[in-house]
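Remarks on the structure that follows.
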Amino acid sequence: MIPILVILVLLFLLAAIPYIIKNPLELIFVYLIFSPLLNVLYFIRIAGFSIIEIVLGIYLFFGIGLLFLKKGARIRVGRLSGVFGLFLFFLVIGLVVGQGDLKSYMEVILKMGLGWLSYLLLLNLGNPFTAGNNLQKSTILGLFIVVGLVLVENVAGVGVNYSKYSYQVGFFADEGSLSRFGIVGIIFSIPFLLNKGVGRRLALFVFCCSILFLFIAISRNAILAALVAMLFLFSRGSNLVRLGLVGAVALLILGLDALGLTAGFKNKVTREVTFLQDNNSVNRRTLGSGRVARWEDAIKEFSEGELINKFFGFGHGIGPHGQVFDLLMRGGISCVVLGYLLYFRAFFVIRRTRKDSSAVYMKTLALWLAILVLSFGATPFYNYYLNVILFASIGIMERRYLLSRMSVRQRHYSKPVSATA
């Protein structure tokens, strides 16, 4: 089945090239629709590179070319590009100082670069009246592909494998990739459920499937991030709707528990509780899915390292188990500061432009909150899927804000000057 998917994805991308050249923003929308299929192909490699890395690399350079082709030297860099550029520059410094693995660093720079490119494309080329709607439709279509793949796996038994502490879905290779689709599904479906209008039944289906993804993946970090995003979004609805949604989540979790899908979650929690009661009974290397030991190793290496490495990096990360410690090892204190500065800068841009982008604002801020929570136990700054959605949304909001300010200034200067005696 996997080779067929490879052929289909490649054929689709080739067929889409003429359309994307004519409409550069479709590059982002096509990516969001087919991102689930790219995740399926992650472990297929050509010359040591995975299919997804090759596709994303082509996407990045193709997008940069389209941006310059359409805008030339008149590219608007926006409020985030300065911090983006500094962060990527210091990652390169970390690679040189720490004598790190070039491929590992290039993968991180590629994934961060995709977020920057998406921001620039929407900021410079986005239609302020349609881009937000197109982004939402593309994301939801991609989520339906995820739903289809999960149903095929669990009904037909294709690609499913189990382990002691998690239920891993073979198509998605690990619980992290599936849980991120669950978070995005929750964030994009709740606004439909809170407002009267078309699409509420469809949104309820996506919402329930997204909760299911979280408990299939058993990523406690992702469940916490989704909970924070839900609480933020629920705070914006009526009391009756909020009560109904909370009740629906509780019933869904009880149903998943009855089906046995929460057993792995309980096993993980029990392991940490047992350690707190008797720290000799559990291997520290298994705590937090290996996070605790990696954090301890990172702290020890940092405390014993040279001053230049403390500021610019040790040449390696710690894997997807904590953004702060991975940045600390990969780029030192400088990259920790710049990485979080980028995302807090993004928060202030979201807040400043919210009045001109109310429809996009809630989902964007909820996603920002989820990424911030995820960063304590994972590495969402490097997640190309979350980054593209977040920074494309910010690009839409900032473009609307700038166009509205330009419109105000034009009206101001076009007012007739009254004649004086």
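Numbering starts fresh at 1 for the residues of each chain in the structure tokens, the chains themselves are lettered A, B, ... in the order given, and ligands are numbered from 1 as they appear.
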
Determine, using only C-alpha atoms, which residues of region 90-195 of chain A have any atom at most 12 Å from an atom of region 56-75 of chain A, and tabulate each with its shortest atom pair and distance in Å to one decimal place, rows ordered by chain and then rising number, as a Markdown table.
```
| residue | atom | partner | partner_atom | distance |
| --- | --- | --- | --- | --- |
| A:Met106 | CA | A:Gly57 | CA | 9.9 |
| A:Glu107 | CA | A:Gly57 | CA | 9.1 |
| A:Val108 | CA | A:Gly57 | CA | 11.5 |
| A:Ile109 | CA | A:Gly57 | CA | 10.4 |
| A:Leu110 | CA | A:Gly57 | CA | 6.8 |
| A:Lys111 | CA | A:Leu56 | CA | 7.9 |
| A:Met112 | CA | A:Leu60 | CA | 10.3 |
| A:Gly113 | CA | A:Leu60 | CA | 7.3 |
| A:Leu114 | CA | A:Leu60 | CA | 6.1 |
| A:Gly115 | CA | A:Leu60 | CA | 9.6 |
| A:Trp116 | CA | A:Leu60 | CA | 9.7 |
| A:Leu117 | CA | A:Ile64 | CA | 7.0 |
| A:Ser118 | CA | A:Gly63 | CA | 8.4 |
| A:Tyr119 | CA | A:Leu67 | CA | 11.1 |
| A:Leu120 | CA | A:Leu67 | CA | 8.0 |
| A:Leu121 | CA | A:Leu67 | CA | 6.5 |
| A:Leu122 | CA | A:Leu67 | CA | 10.0 |
| A:Leu123 | CA | A:Ile75 | CA | 9.1 |
| A:Asn124 | CA | A:Ile75 | CA | 6.7 |
| A:Leu125 | CA | A:Lys70 | CA | 8.2 |
| A:Gly126 | CA | A:Leu67 | CA | 11.4 |
```

Keeping only C-alpha atoms, write those residues as a PDB file, in the first residue's frame.
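Output below, filename result.pdb:
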```pdb
ATOM      1  CA  MET A 106      19.645  21.207   8.109  1.00  0.00           C
ATOM      2  CA  GLU A 107      16.488  19.263   8.959  1.00  0.00           C
ATOM      3  CA  VAL A 108      15.688  21.690  11.799  1.00  0.00           C
ATOM      4  CA  ILE A 109      16.483  24.755   9.659  1.00  0.00           C
ATOM      5  CA  LEU A 110      14.308  23.359   6.849  1.00  0.00           C
ATOM      6  CA  LYS A 111      11.324  22.846   9.144  1.00  0.00           C
ATOM      7  CA  MET A 112      11.652  26.285  10.738  1.00  0.00           C
ATOM      8  CA  GLY A 113      12.174  27.804   7.304  1.00  0.00           C
ATOM      9  CA  LEU A 114       8.843  26.410   6.110  1.00  0.00           C
ATOM     10  CA  GLY A 115       7.057  28.433   8.795  1.00  0.00           C
ATOM     11  CA  TRP A 116       8.933  31.577   7.768  1.00  0.00           C
ATOM     12  CA  LEU A 117       8.152  31.002   4.077  1.00  0.00           C
ATOM     13  CA  SER A 118       4.445  30.454   4.812  1.00  0.00           C
ATOM     14  CA  TYR A 119       4.384  33.705   6.793  1.00  0.00           C
ATOM     15  CA  LEU A 120       6.027  35.662   3.949  1.00  0.00           C
ATOM     16  CA  LEU A 121       3.786  34.160   1.244  1.00  0.00           C
ATOM     17  CA  LEU A 122       0.565  35.053   3.085  1.00  0.00           C
ATOM     18  CA  LEU A 123       1.887  38.456   4.152  1.00  0.00           C
ATOM     19  CA  ASN A 124       2.847  39.435   0.594  1.00  0.00           C
ATOM     20  CA  LEU A 125       0.415  37.550  -1.648  1.00  0.00           C
ATOM     21  CA  GLY A 126      -2.580  36.592   0.469  1.00  0.00           C
TER      22      GLY A 126
END
```

Env of Ile371 (chain A): 8 Å cut, atoms = only C-alpha atoms, seq-sep filter 5 positions within chain, self excluded. Answer as a PDB file with N, CA and C atoms, in the first residue's frame.
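result.pdb, freshly written:
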```
ATOM      1  N   ALA A 225      -1.782  19.949  26.103  1.00  0.00           N
ATOM      2  CA  ALA A 225      -1.822  21.085  25.178  1.00  0.00           C
ATOM      3  C   ALA A 225      -3.221  21.259  24.593  1.00  0.00           C
ATOM      4  N   PRO A 380       7.895  21.299  19.394  1.00  0.00           N
ATOM      5  CA  PRO A 380       6.953  21.772  18.376  1.00  0.00           C
ATOM      6  C   PRO A 380       7.504  22.896  17.506  1.00  0.00           C
ATOM      7  N   PHE A 381       8.579  23.581  17.947  1.00  0.00           N
ATOM      8  CA  PHE A 381       9.151  24.631  17.110  1.00  0.00           C
ATOM      9  C   PHE A 381       9.665  24.059  15.799  1.00  0.00           C
ATOM     10  N   LEU A 386       2.585  22.174  12.296  1.00  0.00           N
ATOM     11  CA  LEU A 386       2.102  23.213  13.199  1.00  0.00           C
ATOM     12  C   LEU A 386       2.653  24.578  12.801  1.00  0.00           C
TER      13      LEU A 386
END
```

| said: Would you compute the distance between CA of Gly332 (chain A) and CA of Gly94 (chain A)? Give it in Å to one decimal. | reply: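 Taking CA of Gly332 (chain A) and CA of Gly94 (chain A), their separation equals 7.2 Å.
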
| request: Take CA of Cys335 (chain A) and CA of Leu80 (chain A) and report the distance between them in Å, one decimal. | output: 15.6 Å

Could you produce a table of the residues of region 336-402 of chain A lying within 7 Å of region 187-208 of chain A, with the nearest pair of atoms per residue and their separation in Å rounded to one decimal, using only C-alpha atoms, ordered by chain and increasing residue number, as a Markdown table?
```
| residue | atom | partner | partner_atom | distance |
| --- | --- | --- | --- | --- |
| A:Lys363 | CA | A:Ile187 | CA | 6.0 |
| A:Ala366 | CA | A:Ile187 | CA | 6.7 |
| A:Leu367 | CA | A:Ile187 | CA | 6.9 |
```

| query | Of the residues A:Gln323, A:Asn221, A:Thr353, A:Asn39, which is the one nearest to Leu402 (chain A), using only C-alpha atoms? | reply | A:Thr353

| said: Report, in Å to a single decimal, how far apart CA of Arg330 (chain A) and CA of Gln99 (chain A) are. | reply: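 Separation between CA of Gln99 (chain A) and CA of Arg330 (chain A): 10.3 Å.
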
| said: Quick one: residues within 7 Å of region 310-322 of chain A, only C-alpha atoms, excluding same-chain residues fewer than 5 positions away - as a list in words? | reply: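 Returned residues: Ile93, Gly94, Leu95, Val97, Gly98, Gln99, Gly100, Arg291, Arg294, Phe302, Gly305, Leu327, Leu328, Met329, Arg330, Gly331, Gly332, Ile333, Ser334, Ser375, Phe376, Gly377, Ala378 and Thr379 of chain A.
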
Using only C-alpha atoms, please write the residues we just selected to a file, as a CSV table (one decimal), in the first residue's frame.
```
chain,number,residue,atom,x,y,z
A,93,ILE,CA,26.7,29.1,14.6
A,94,GLY,CA,25.7,26.2,16.9
A,95,LEU,CA,26.4,23.7,14.1
A,97,VAL,CA,30.9,25.7,17.2
A,98,GLY,CA,29.6,22.3,18.4
A,99,GLN,CA,30.8,20.5,15.2
A,100,GLY,CA,27.4,19.0,14.9
A,291,ARG,CA,12.5,12.6,29.0
A,294,ARG,CA,17.6,13.1,28.7
A,302,PHE,CA,25.7,22.0,30.0
A,305,GLY,CA,30.7,22.4,29.1
A,327,LEU,CA,17.7,24.3,21.9
A,328,LEU,CA,20.2,24.5,24.8
A,329,MET,CA,22.2,21.6,23.4
A,330,ARG,CA,21.7,22.5,19.8
A,331,GLY,CA,22.3,26.3,19.9
A,332,GLY,CA,23.1,27.2,23.5
A,333,ILE,CA,21.6,30.0,25.5
A,334,SER,CA,21.4,32.2,22.4
A,375,SER,CA,7.3,22.9,24.1
A,376,PHE,CA,7.8,21.8,27.7
A,377,GLY,CA,7.9,18.1,26.7
A,378,ALA,CA,8.3,18.0,22.9
A,379,THR,CA,9.9,20.1,20.1
```

| task | Mind the document's chain letters and residue numbers, and return as an MDAnalysis selection string the residues of region 294-409 of chain A that DSSP labels helix (DSSP H, G or I). | result | chainID A and resid 294:304 307:312 323:352 354:356 358:374 380:382 384:409

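Nearest-residue note for Leu341 (chain A): choosing from A:Val373, A:Leu307, A:Val30, A:Leu86, the minimum distance belongs to A:Leu86, counting only C-alpha atoms.
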
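Inside region 65-201 of chain A, the residues DSSP reads as strand (DSSP E or B) when given the backbone are Val160, Asn161, Tyr162, Tyr167, Gln168 and Val169 of chain A.
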